[in-house]
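Undergrad: Handing you this structure, nothing more for now.
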Amino acid sequence: MKLLFIDRLVRVEHDPALAAVVLTRSAARPRDAEELIRSLTAFVEVTAPLRPGCALVVDLRQAPGDNRPDFEAALRPARRRVHEGFTRSVVVLQTAAGALQMERLAQRHGVRPDIAHSLLEARHLLAPPAVAESA
């Protein structure tokens, strides 16, 4: 995979074999919503040329949760922009509670990603069998 961007909160890679961009959230807690919005804005900018032909994998397994209404409201536009333009989206989550939270946010934001519990599962959801099994 080719590293496209990294900061304290996110790592962004391009996997040409899978035709996917992988956004991995770190375990670092954002200082505030603005810090995470800046990271997600950088993600949107760096991935703009890749979006029309790529899927998106968002790995949130390490990300600390924050479901405060003001935090979620501040992030709503950025979350929507993260998913726009990709051919398909898969979000990788650690827990069933995380999947329920994602479903709740998806209903509010109008973004309906597939849910996986590992990167291997995400690859299987996105790739033709020969590519997924070679990973």
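In the structure tokens, the first chain shown is A, the next is B, and so on; residue numbers restart at 1 for each chain, and ligands run from 1 in the order shown.
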Please provide the set of residues having any atom within 10 Å of Glu35 (chain A), restricted to only C-alpha atoms, with same-chain residues fewer than 6 positions apart removed, written as a PyMOL selection string.

TA: chain A and resi 8-9+29+41

Undergrad: Could you pull out the strand (DSSP E) residues of region 27-128 of chain A, going by DSSP on the backbone, and write them as a list of chain:residue names?

TA: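 Everything in region 27-128 of chain A that counts as strand (DSSP E) is A:Ala55, A:Leu56, A:Val57, A:Val58, A:Asp59, A:Ser89, A:Val90, A:Val91, A:Val92, A:Asp114, A:Ile115, A:Ala116.
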
Undergrad: What's the 9 Å shell around Phe5 (chain A), counting only C-alpha atoms, without same-chain residues fewer than 4 positions away, as a count of residues only?

TA: 7

Undergrad: Rounded to one decimal in Å, what is the spacing between CA of His83 (chain A) and CA of Ala116 (chain A)?

TA: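 About the pair CA of His83 (chain A) and CA of Ala116 (chain A): they are 15.9 Å apart.
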
Undergrad: Residues at most 6 Å from His117 (chain A), counting only C-alpha atoms, excluding those fewer than 5 positions away in the same chain, as a list of chain:residue names?

TA: A:Val92, A:Leu93, A:Gln94

Undergrad: Using only C-alpha atoms, find the one residue out of A:Asp7, A:Glu84, A:Asp15, A:Asp70 that sits nearest to Ala48 (chain A).

TA: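 Of A:Asp7, A:Glu84, A:Asp15, A:Asp70, the one nearest Ala48 (chain A), counting only C-alpha atoms, is A:Glu84.
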
Undergrad: Pick out the closest residue to Ala127 (chain A) from this set: A:Cys54, A:Val82, A:Val44, A:Ala28. Count only C-alpha atoms.

TA: A:Cys54

Undergrad: My list of candidates is A:Pro69, A:Leu75, A:Asp32, A:Leu3. Which is closest to Thr47 (chain A) when distances are computed with only C-alpha atoms?

TA: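 Smallest separation from Thr47 (chain A) among the options: A:Leu3.
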
Undergrad: Name the closest residue to Ala17 (chain A) among the candidates A:Ala78, A:Met1, A:Leu120, A:Ile115; distances are taken between atoms, counting only C-alpha atoms.

TA: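 So, comparing all the options, the nearest one is A:Met1.
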
Undergrad: Do you have the CA of Gly85 (chain A)-CA of Arg31 (chain A) distance handy?

TA: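 Going from CA of Gly85 (chain A) over to CA of Arg31 (chain A) covers 28.5 Å.
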
Undergrad: How far is it from CA of Gly65 (chain A) to CA of Ala27 (chain A), in Å with one decimal?

TA: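 These two atoms are separated by 9.7 Å.
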
Undergrad: Using DSSP secondary structure from the backbone, list all helix (DSSP H, G or I) positions within chain A, as number ranges by chain.

TA: A: 33-47, 51-53, 69-83, 96-109, 119-126, 129-134

Undergrad: For Thr87 (chain A), please output as a list of chain:residue names all residues within 12 Å (counting only C-alpha atoms; exclusion window: fewer than 2 positions along the same chain).

TA: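 The contact residues come out as A:Ala19, A:Ala20, A:Val21, A:Leu50, A:Arg51, A:Pro52, A:Gly53, A:Cys54, A:Ala55, A:Leu56, A:Val57, A:His83, A:Glu84, A:Gly85, A:Ser89, A:Val90, A:Pro113, A:Leu126.
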
Undergrad: Store the residues picked out above, limited to N, CA and C atoms, as a compact mmCIF listing (two decimals), in the first residue's frame.

TA:
```txt
# COMPACT_ATOMS: atom_id res chain seq x y z
N ALA A 19 -8.02 -1.48 -5.45
CA ALA A 19 -8.68 -0.25 -5.90
C ALA A 19 -9.44 0.36 -4.74
N ALA A 20 -8.72 0.56 -3.61
CA ALA A 20 -9.34 1.10 -2.41
C ALA A 20 -8.41 2.08 -1.70
N VAL A 21 -9.03 3.03 -1.05
CA VAL A 21 -8.34 3.93 -0.13
C VAL A 21 -8.69 3.45 1.27
N LEU A 50 -8.52 10.09 -6.51
CA LEU A 50 -8.70 8.63 -6.50
C LEU A 50 -10.16 8.21 -6.39
N ARG A 51 -11.01 9.06 -5.91
CA ARG A 51 -12.38 8.69 -5.55
C ARG A 51 -13.21 8.05 -6.67
N PRO A 52 -13.19 8.57 -7.88
CA PRO A 52 -14.08 7.98 -8.89
C PRO A 52 -13.86 6.50 -9.16
N GLY A 53 -12.64 5.99 -8.99
CA GLY A 53 -12.39 4.59 -9.31
C GLY A 53 -12.07 3.72 -8.12
N CYS A 54 -12.25 4.24 -6.92
CA CYS A 54 -11.84 3.50 -5.72
C CYS A 54 -12.97 3.32 -4.73
N ALA A 55 -12.84 2.26 -3.96
CA ALA A 55 -13.70 2.04 -2.80
C ALA A 55 -13.00 2.67 -1.59
N LEU A 56 -13.73 2.77 -0.50
CA LEU A 56 -13.19 3.33 0.74
C LEU A 56 -13.34 2.31 1.86
N VAL A 57 -12.26 2.12 2.60
CA VAL A 57 -12.30 1.32 3.83
C VAL A 57 -11.94 2.27 4.97
N HIS A 83 -17.07 10.11 2.70
CA HIS A 83 -17.62 9.00 1.91
C HIS A 83 -17.99 9.39 0.48
N GLU A 84 -18.15 10.66 0.19
CA GLU A 84 -18.61 11.10 -1.13
C GLU A 84 -17.65 10.72 -2.25
N GLY A 85 -18.23 10.23 -3.35
CA GLY A 85 -17.45 10.00 -4.56
C GLY A 85 -16.78 8.64 -4.68
N SER A 89 -18.28 1.96 0.22
CA SER A 89 -17.62 2.19 1.50
C SER A 89 -17.84 1.01 2.44
N VAL A 90 -16.77 0.66 3.15
CA VAL A 90 -16.83 -0.36 4.19
C VAL A 90 -16.21 0.24 5.44
N PRO A 113 -22.55 2.69 4.72
CA PRO A 113 -21.43 1.80 4.41
C PRO A 113 -21.73 0.36 4.82
N LEU A 126 -15.08 -6.14 -0.81
CA LEU A 126 -14.77 -5.24 -1.92
C LEU A 126 -14.17 -5.91 -3.14
```
